[in-house]
Structure formats: C-alpha cells, structure tokens
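Only one structure is covered here, and it is reproduced in the block below.
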Amino acid sequence: MAGRLLKVSSLTTAAFASSGFYLYNRRLDLNDLSIVRFGRAAATTAAISYDYLTAFKHVEHGTEEYQALKSKVHRRSAKRLLDLCCANRGTFIKVGQHLGALEYLLPEEYTSTLKVLHSRAPQSSMEEIQEVLREDLGKELSELFVSFEETPQGTASLAQVHKAVLHDGRTVAVKVQHPKVQRQSSKDILVMEILVRTVHWLFPDFAFMWLVEEAKKNMPLELDFLNEGRNAEKVASMLAHYPFLKVPMIHWDLSTKRILTMEFAEGGEVNDRAYMKKHDINVNEISENLGKMYSEMIFVHGFVHCDPHPGNVLVRKCPQHKKTEIVLLDHGLYQILQPDFRLDYCQLWQALINGDMPKVERYSRRLGAGDLYPLFACVLTARSWTAVNTGISAVPVTQSEAQEE
C-alpha cells in the first residue's frame with residue numbers, strides 16, 4: 001500500500017511539475033484559463049447567495065434594523081461583483097457596466113458601486129496591440145502609420161482607441177480589440193448563463209435571465225468591427241440631411257473584424273458644460289438637435305444607436321465652417337425597431353404628454369413593460385410609488401390635472 005501511495009504521489013508530483021514548466025514556458029496568464037474564470041465566478045456567486053440566504057435569519061422583516069442590514073448586504077455583494085468583473089475583465093466588465101446603468105431596476109448600492117467600471121476597463125499593452133495589427137493587416141506598425149500614440153485616447157471593456165497619422169498625412173483613430181476578448185466571450189456568456197440560472201433556482205424572484213440573452217445576442221455584433229463600420233455609414237447616410245451631425249469616415253483598407261480605422265474627430269463630451277461654455281456652444285441647440293436626431297432614428301427609421309453615453313456623443317465647433325456639430329461615435333450596437341413597436345411607442349409618448357393614464361398602461365403593456373408600467377407615470381407626474389399604486393392607473397387624469405402636476 002505504501003509503495004502504491006509513493007508511486008501515485010510521485011506521478012502526481014511529476015504531472016504538476018510538468019504542467020508548471022509548460023505554463024511557465026508558454027508565459028500563460030492563468031486568467032486565460034476557462035476553469036480559472038469559471039471558478040472565480042462560481043465562488044463569487046456562491047458567496048453572494050450564501051450572504052443573502054443567511055444574513056436575515058435573526059432580523060425581523062420590515063424593521064429599521066432589517067433595512068440597514070439589507071443595505072449592507074447589497075453593498076458588500078456589489079463589491080464582490082465589482083471585484084469579479086475587474087478580475088475576469090472583457091465580457092464581465094461589459095455586463096457589469098450594463099448593470100451599473102440599471103438605476104430603475106437595481107438597488108442604489110449596486111449601481112453606484114458598478115458605475116466605476118466605466119473608468120476601470122483593462123488596457124492592452126503596446127506589444128499586444130502590435131500583434132493584433134500584424135495578424136489582421138499583415139504589416140508592421142511603421143508600414144501602416146507615420147506615427148501611432150502609445151497611450152490610448154480611451155479604453156473600454158472590449159477595445160481601446162489610439163490616435164495615429166497615415167502616410168498621406170491624415171489623422172485617424174484606430175480602434176483595436178483586446179486580443180483575448182474574442183476567444184473568451186462565448187465561454188464567459190455560458191458561465192454567466194449557468195450561474196444566473198442557479199441563482200434564479202435559489203431565489204425565484206431573481207429575474208435577470210434577459211440580461212444573459214441580450215449578451216448572447218449582442219456580443220457577437222459588438223465584437224465585429226466591420227459591422228460597426230457598416231452601421232456608421234448607414235446612419236451617416238440616413239441622417240445626411242442634418243448638417244449638425246458628424247459621423248467619422250471609415251478607412252476600410254485598414255479595418256478588419258478586430259480593427260476599425262476611422263477619421264479622427266475631437267470634441268467635448270455632451271454633458272461637459274464647462275467645455276461648451278468655453279467654446280461658445282449653445283446647450284439648448286445641442287439638446288434640440290439631439291432630440292431631432294434620436295426621434296428620427298426611433299420613429300422614422302427604426303434604426304437606433306444603442307450606446308449614447310457622454311463618451312460616445314461629442315460636441316464641437318467645426319474646424320472648417322465654425323458651426324456647432326454633434327459627433328456620434330461607437331456604432332457597434334444598433335436596435336432595429338419594427339413598425340408596430342414604433343407606432344405603439346409613439347402612442348405611449350402621446351399618452352404621457354396628454355396625461356392619459358389608461359393609455360399609458362395600455363401601450364406600456366403592449367411594449368412589454370408589464371407591471372412596471374407605473375414607472376412611466378412616476379416620470380410624468382413626479383408622484384411617489386405609493387401615489388402611483390393607489391389609483392393613478394385606475395383613475396383617468398384630465399388635461400387640467402396633468403398641467404397642475
């Protein structure tokens with residue numbers, strides 16, 4: 001028996017030593033291994049689930065102590081989720097950013113914690129960027145560009161953007177995908193699906209399977225930069241009659257599924273009031289033009305830019321004619337709205353404007369809002385949830401009452 005144990009332990013030691021030597025020689029990042037990423041995600045999910053299952057056992061529901069404890073559990077669970085996203089990176093950061101924007105669905109402790117992911121996206125090294133350029137375009141950096149800034153203009157969950165100058169003197173923005181994201185994304189989404197289903201089994205009220213389904217549908221589109229280039233050209237053509245809209249031109253000869261090279265356009269973020277004041281940009285004009293642009297996308301064409309956060313919507317004075325422009329960036333994800341949806345959405349907005357609560361409910365439900373339709377009424381009337389739920393949907397609101405509100 002002792003001999004067998006010695007033989008087994010010797011073989012085990014040899015296997016581990018060989019594996020370690022192989023990993024060392026390959027300079028393999030353990031974070032690249034699916035088993036490591038899955039284990040990390042599973043451990044985080046288990047810790048969060050256990051916390052919610054056990055934390056409230058000895059506290060009476062509805063008391064101040066219960067509310068205070070619930071806030072603490074939310075906060076530390078959100079911190080665990082944040083740490084997981086930062087460790088696994090890529091798709092996890094993308095989904096975490098989405099969760100951070102769900103202020104109308106998630107507790108404040110989650111959204112405020114996860115919002116930092118917008119500024120904590122991983123940065124690929126210059127060696128990794130050069131490798132992607134070499135693999136996809138078949139040339140060295142110096143053959144493609146006269147200059148290429150090593151420090152990125154911006155870094156996101158899936159890619160980063162560098163400023164460069166072509167050999168003909170034109171300045172471009174080069175969006176380069178993080179090299180490992182493409183390979184890891186489908187496995188990461190599968191991991192998320194398994195874990196979300198497990199949490200739903202433990203907590204039946206946890207209904208976030210839709211988030212995984214959205215990621216499964218949208219991630220392949222966002223990882224295809226040729227699709228992004230086509231979307232950019234389509235919206236530029238669709239809204240060409242708006243002289244205030246600027247969509248950077250795509251350089252197709254320097255673009256692939258992982259690289260998008262486009263005209264470089266500078267500007268301030270759309271919520272930067274100081275920038276607009278400094279450059280004499282009329283805030284009301286910008287607001288009006290954004291409304292025109294998005295209304296036409298939604299109601300007329302049914303082709304809608306899905307990521308209009310401030311970093312993707314810039315404002316500037318055009319260098320040539322000095323008129324105010326809106327620069328629309330990041331065209332990776334567009335939503336196509338069917339005619340029936342657009343008509344119902346139009347009817348909903350008319351009901352909101354007219355203060356017609358029965359129609360607000362009717363068209364909200366037709367659009368899939370279900371029992372969450374009172375959220376629209378809250379926005380319209382500035383009433384509390386209690387006021388909404390105690391009759392606002394059942395009692396018609398007259399025009400005069402709407403004006404008083």
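Each chain of the structure tokens is named A, B, ... in the order shown, its residues numbered from 1; ligands are numbered from 1 in display order.
Every protein or nucleic acid residue with an atom no more than 10 Å from A:Leu202, counting only C-alpha atoms and leaving out same-chain residues fewer than 5 positions away, appears here: A:Ser49, A:Leu53, A:Val196, A:Arg197.
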Can you write out as CSV which residues of stretch 193-284 of chain A fall within 9 Å of stretch 152-161 of chain A, alongside each residue's closest atom pair and its distance in Å to one decimal, counting only C-alpha atoms and ordering rows by chain and ascending residue number?
```
residue,atom,partner,partner_atom,distance
A:Glu222,CA,A:Leu158,CA,8.4
A:Leu223,CA,A:Leu158,CA,7.5
A:Arg258,CA,A:Ala159,CA,8.7
```
Give me a file of those residues, with N, CA, C and O atoms, as a compact mmCIF listing (two decimals), in the first residue's frame.
```txt
# COMPACT_ATOMS: atom_id res chain seq x y z
N GLU A 222 -21.08 43.31 -31.35
CA GLU A 222 -20.15 44.32 -30.84
C GLU A 222 -18.69 43.94 -31.07
O GLU A 222 -17.83 44.81 -31.12
N LEU A 223 -18.43 42.64 -31.22
CA LEU A 223 -17.05 42.19 -31.45
C LEU A 223 -16.69 42.18 -32.93
O LEU A 223 -15.55 41.88 -33.29
N ARG A 258 -11.42 42.98 -36.07
CA ARG A 258 -10.84 43.39 -34.78
C ARG A 258 -10.21 44.77 -34.80
O ARG A 258 -9.75 45.26 -33.76
```
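We find atom CA of A:Val95 and atom CA of A:Leu211 to be spaced 8.1 Å apart.
The smallest atom-to-atom distance between A:Ala173 and any of A:Ser112, A:Thr261, A:Asn88, A:Gln123, using only C-alpha atoms, is found for A:Thr261.
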_Pairwise distance for atom CA of A:His162 and atom CA of A:Phe148, rounded to one decimal in Å_ = 7.0 Å
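By only C-alpha atoms, and with residues fewer than 6 positions from stretch 326-330 of chain A along its chain excluded, the set lying at most 8 Å from it is Glu228, Phe244, Leu245, Lys246, Val247, Pro248, Ala265, Gly267, Ile286, Asp307, Asn312, Val313, Leu314, Val315 and Arg316 of chain A.
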Now that the selection is made, can you save its residues with all heavy atoms as a compact mmCIF listing (two decimals), in the first residue's frame?
```txt
# COMPACT_ATOMS: atom_id res chain seq x y z
N GLU A 228 -19.67 47.35 -37.18
CA GLU A 228 -19.71 48.72 -36.64
C GLU A 228 -19.48 49.74 -37.76
O GLU A 228 -20.15 50.78 -37.81
CB GLU A 228 -18.65 48.89 -35.55
CG GLU A 228 -18.62 50.29 -34.98
CD GLU A 228 -17.67 50.45 -33.81
OE1 GLU A 228 -17.21 49.44 -33.25
OE2 GLU A 228 -17.39 51.61 -33.44
N PHE A 244 -25.67 69.32 -38.74
CA PHE A 244 -25.00 69.37 -37.43
C PHE A 244 -24.43 68.01 -37.01
O PHE A 244 -23.69 67.92 -36.03
CB PHE A 244 -25.97 69.86 -36.35
CG PHE A 244 -27.19 68.99 -36.18
CD1 PHE A 244 -27.13 67.79 -35.48
CD2 PHE A 244 -28.40 69.37 -36.72
CE1 PHE A 244 -28.25 67.00 -35.32
CE2 PHE A 244 -29.53 68.59 -36.57
CZ PHE A 244 -29.46 67.39 -35.86
N LEU A 245 -24.75 66.93 -37.73
CA LEU A 245 -24.29 65.60 -37.33
C LEU A 245 -23.00 65.22 -38.06
O LEU A 245 -22.91 65.31 -39.28
CB LEU A 245 -25.36 64.55 -37.62
CG LEU A 245 -24.96 63.09 -37.33
CD1 LEU A 245 -24.63 62.91 -35.85
CD2 LEU A 245 -26.05 62.14 -37.77
N LYS A 246 -22.02 64.77 -37.28
CA LYS A 246 -20.75 64.31 -37.83
C LYS A 246 -20.53 62.85 -37.43
O LYS A 246 -20.48 62.51 -36.24
CB LYS A 246 -19.59 65.17 -37.31
CG LYS A 246 -18.20 64.69 -37.69
CD LYS A 246 -17.94 64.84 -39.17
CE LYS A 246 -16.54 64.43 -39.54
NZ LYS A 246 -16.31 64.50 -40.99
N VAL A 247 -20.43 61.97 -38.41
CA VAL A 247 -20.07 60.57 -38.18
C VAL A 247 -18.72 60.34 -38.85
O VAL A 247 -18.60 60.49 -40.07
CB VAL A 247 -21.13 59.61 -38.76
CG1 VAL A 247 -20.69 58.16 -38.56
CG2 VAL A 247 -22.49 59.84 -38.11
N PRO A 248 -17.67 60.02 -38.11
CA PRO A 248 -16.33 59.85 -38.70
C PRO A 248 -16.32 58.85 -39.85
O PRO A 248 -16.94 57.78 -39.77
CB PRO A 248 -15.49 59.36 -37.52
CG PRO A 248 -16.18 59.92 -36.31
CD PRO A 248 -17.64 59.85 -36.64
N ALA A 265 -11.86 62.62 -34.83
CA ALA A 265 -12.71 63.78 -34.55
C ALA A 265 -12.62 64.13 -33.07
O ALA A 265 -12.88 63.28 -32.21
CB ALA A 265 -14.17 63.49 -34.94
N GLY A 267 -13.57 66.68 -29.67
CA GLY A 267 -14.72 67.40 -29.13
C GLY A 267 -14.84 67.17 -27.64
O GLY A 267 -14.12 66.36 -27.06
N ILE A 286 -27.88 72.15 -28.74
CA ILE A 286 -27.42 70.76 -28.69
C ILE A 286 -28.57 69.84 -28.26
O ILE A 286 -28.81 68.78 -28.86
CB ILE A 286 -26.24 70.60 -27.71
CG1 ILE A 286 -25.00 71.34 -28.23
CG2 ILE A 286 -25.92 69.12 -27.47
CD1 ILE A 286 -24.45 70.80 -29.53
N ASP A 307 -25.86 53.09 -27.63
CA ASP A 307 -24.90 53.39 -26.55
C ASP A 307 -24.56 54.87 -26.50
O ASP A 307 -23.40 55.27 -26.62
CB ASP A 307 -23.63 52.56 -26.77
CG ASP A 307 -22.80 52.43 -25.50
OD1 ASP A 307 -23.30 52.82 -24.43
OD2 ASP A 307 -21.65 51.96 -25.58
N ASN A 312 -19.53 58.81 -26.04
CA ASN A 312 -19.82 58.49 -27.44
C ASN A 312 -20.55 59.60 -28.17
O ASN A 312 -20.83 59.48 -29.36
CB ASN A 312 -20.66 57.20 -27.53
CG ASN A 312 -19.85 55.97 -27.18
OD1 ASN A 312 -18.64 55.97 -27.27
ND2 ASN A 312 -20.54 54.91 -26.79
N VAL A 313 -20.90 60.66 -27.46
CA VAL A 313 -21.60 61.80 -28.07
C VAL A 313 -20.79 63.06 -27.74
O VAL A 313 -20.85 63.57 -26.62
CB VAL A 313 -23.05 61.94 -27.56
CG1 VAL A 313 -23.76 63.06 -28.31
CG2 VAL A 313 -23.80 60.62 -27.73
N LEU A 314 -20.03 63.53 -28.73
CA LEU A 314 -19.18 64.70 -28.53
C LEU A 314 -19.81 65.93 -29.18
O LEU A 314 -20.60 65.81 -30.13
CB LEU A 314 -17.79 64.46 -29.12
CG LEU A 314 -17.06 63.19 -28.68
CD1 LEU A 314 -15.67 63.13 -29.32
CD2 LEU A 314 -16.96 63.10 -27.16
N VAL A 315 -19.44 67.10 -28.68
CA VAL A 315 -19.88 68.37 -29.30
C VAL A 315 -18.64 69.20 -29.60
O VAL A 315 -17.64 69.14 -28.89
CB VAL A 315 -20.85 69.14 -28.38
CG1 VAL A 315 -22.15 68.37 -28.22
CG2 VAL A 315 -20.24 69.42 -27.02
N ARG A 316 -18.73 70.00 -30.67
CA ARG A 316 -17.57 70.81 -31.05
C ARG A 316 -18.01 71.90 -32.03
O ARG A 316 -19.11 71.85 -32.59
CB ARG A 316 -16.50 69.94 -31.71
CG ARG A 316 -16.92 69.39 -33.08
CD ARG A 316 -15.79 68.66 -33.76
NE ARG A 316 -16.10 68.34 -35.15
CZ ARG A 316 -15.24 67.81 -36.00
NH1 ARG A 316 -14.01 67.52 -35.62
NH2 ARG A 316 -15.60 67.55 -37.25
```
Residues at most 12 Å from A:Asn289, counting only C-alpha atoms, excluding those fewer than 5 positions away in the same chain, as an mmCIF file with N, CA and C atoms, in the first residue's frame?
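Dumped to out.cif:
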```cif
data_model
loop_
_atom_site.group_PDB
_atom_site.id
_atom_site.type_symbol
_atom_site.label_atom_id
_atom_site.label_comp_id
_atom_site.auth_asym_id
_atom_site.auth_seq_id
_atom_site.Cartn_x
_atom_site.Cartn_y
_atom_site.Cartn_z
ATOM 1 N N LEU A 239 -29.083 60.071 -41.938
ATOM 2 C CA LEU A 239 -29.290 61.391 -41.334
ATOM 3 C C LEU A 239 -28.430 62.460 -42.010
ATOM 4 N N TYR A 242 -29.027 66.312 -41.867
ATOM 5 C CA TYR A 242 -28.744 67.117 -40.672
ATOM 6 C C TYR A 242 -27.299 67.623 -40.744
ATOM 7 N N PRO A 243 -27.083 68.877 -41.044
ATOM 8 C CA PRO A 243 -25.700 69.379 -41.181
ATOM 9 C C PRO A 243 -24.937 69.394 -39.855
ATOM 10 N N PHE A 244 -25.670 69.316 -38.741
ATOM 11 C CA PHE A 244 -25.001 69.370 -37.434
ATOM 12 C C PHE A 244 -24.425 68.013 -37.010
ATOM 13 N N LEU A 245 -24.752 66.933 -37.730
ATOM 14 C CA LEU A 245 -24.293 65.602 -37.327
ATOM 15 C C LEU A 245 -23.005 65.225 -38.056
ATOM 16 N N VAL A 270 -20.816 65.454 -24.273
ATOM 17 C CA VAL A 270 -22.078 66.180 -24.396
ATOM 18 C C VAL A 270 -22.588 66.728 -23.055
ATOM 19 N N ASN A 282 -24.074 76.475 -27.756
ATOM 20 C CA ASN A 282 -25.399 76.681 -27.160
ATOM 21 C C ASN A 282 -25.955 75.341 -26.671
ATOM 22 N N VAL A 283 -26.151 75.230 -25.357
ATOM 23 C CA VAL A 283 -26.635 73.981 -24.763
ATOM 24 C C VAL A 283 -28.033 73.640 -25.272
ATOM 25 N N ASN A 284 -28.900 74.631 -25.387
ATOM 26 C CA ASN A 284 -30.262 74.383 -25.859
ATOM 27 C C ASN A 284 -30.279 73.893 -27.309
ATOM 28 N N TYR A 294 -32.401 61.645 -32.543
ATOM 29 C CA TYR A 294 -32.878 60.377 -31.966
ATOM 30 C C TYR A 294 -34.351 60.128 -32.261
ATOM 31 N N SER A 295 -35.141 61.182 -32.349
ATOM 32 C CA SER A 295 -36.550 60.985 -32.721
ATOM 33 C C SER A 295 -36.661 60.392 -34.117
ATOM 34 N N GLU A 296 -35.829 60.865 -35.026
ATOM 35 C CA GLU A 296 -35.888 60.326 -36.387
ATOM 36 C C GLU A 296 -35.399 58.884 -36.420
ATOM 37 N N VAL A 315 -19.441 67.104 -28.682
ATOM 38 C CA VAL A 315 -19.880 68.366 -29.302
ATOM 39 C C VAL A 315 -18.641 69.201 -29.599
ATOM 40 N N THR A 324 -21.730 74.608 -34.872
ATOM 41 C CA THR A 324 -21.771 73.561 -33.848
ATOM 42 C C THR A 324 -22.113 72.212 -34.463
ATOM 43 N N GLU A 325 -21.368 71.182 -34.053
ATOM 44 C CA GLU A 325 -21.602 69.825 -34.543
ATOM 45 C C GLU A 325 -21.750 68.853 -33.378
ATOM 46 N N ILE A 326 -22.496 67.787 -33.624
ATOM 47 C CA ILE A 326 -22.558 66.639 -32.724
ATOM 48 C C ILE A 326 -21.812 65.496 -33.402
ATOM 49 N N VAL A 327 -20.810 64.949 -32.715
ATOM 50 C CA VAL A 327 -20.027 63.837 -33.251
ATOM 51 C C VAL A 327 -20.521 62.554 -32.599
#
```
_If you run DSSP on the backbone here, which positions in stretch 204-269 of chain A get helix (DSSP H, G or I)? Please write them as JSON, numbers by chain._
{"A": [209, 210, 211, 212, 213, 214, 215, 216, 217, 218, 219, 220, 221, 222, 225, 226, 227, 228, 229, 230, 231, 232, 233, 234, 235, 236, 237, 238, 252, 253, 254]}
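Each of A:Val132, A:Leu226, A:Met192, A:Leu144 was checked against A:His331 using only C-alpha atoms; the smallest atom-to-atom distance is that of A:Leu226.
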_List the spatial neighbours of A:Ile48 as a PyMOL selection string - criterion: any atom at most 9 Å away, only C-alpha atoms, same-chain residues fewer than 6 positions off excluded._
chain A and resi 73+76-78+80-81
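Comparing the minimum interatomic distances between A:Phe208 and each of A:Asn227, A:His74, A:Ala68, A:Leu102, counting only C-alpha atoms, we find that A:Leu102 sits nearest.
Using only C-alpha atoms, the smallest distance between any of A:Tyr373, A:Phe145, A:Trp201, A:Phe299 and A:Leu343 comes from A:Phe299.
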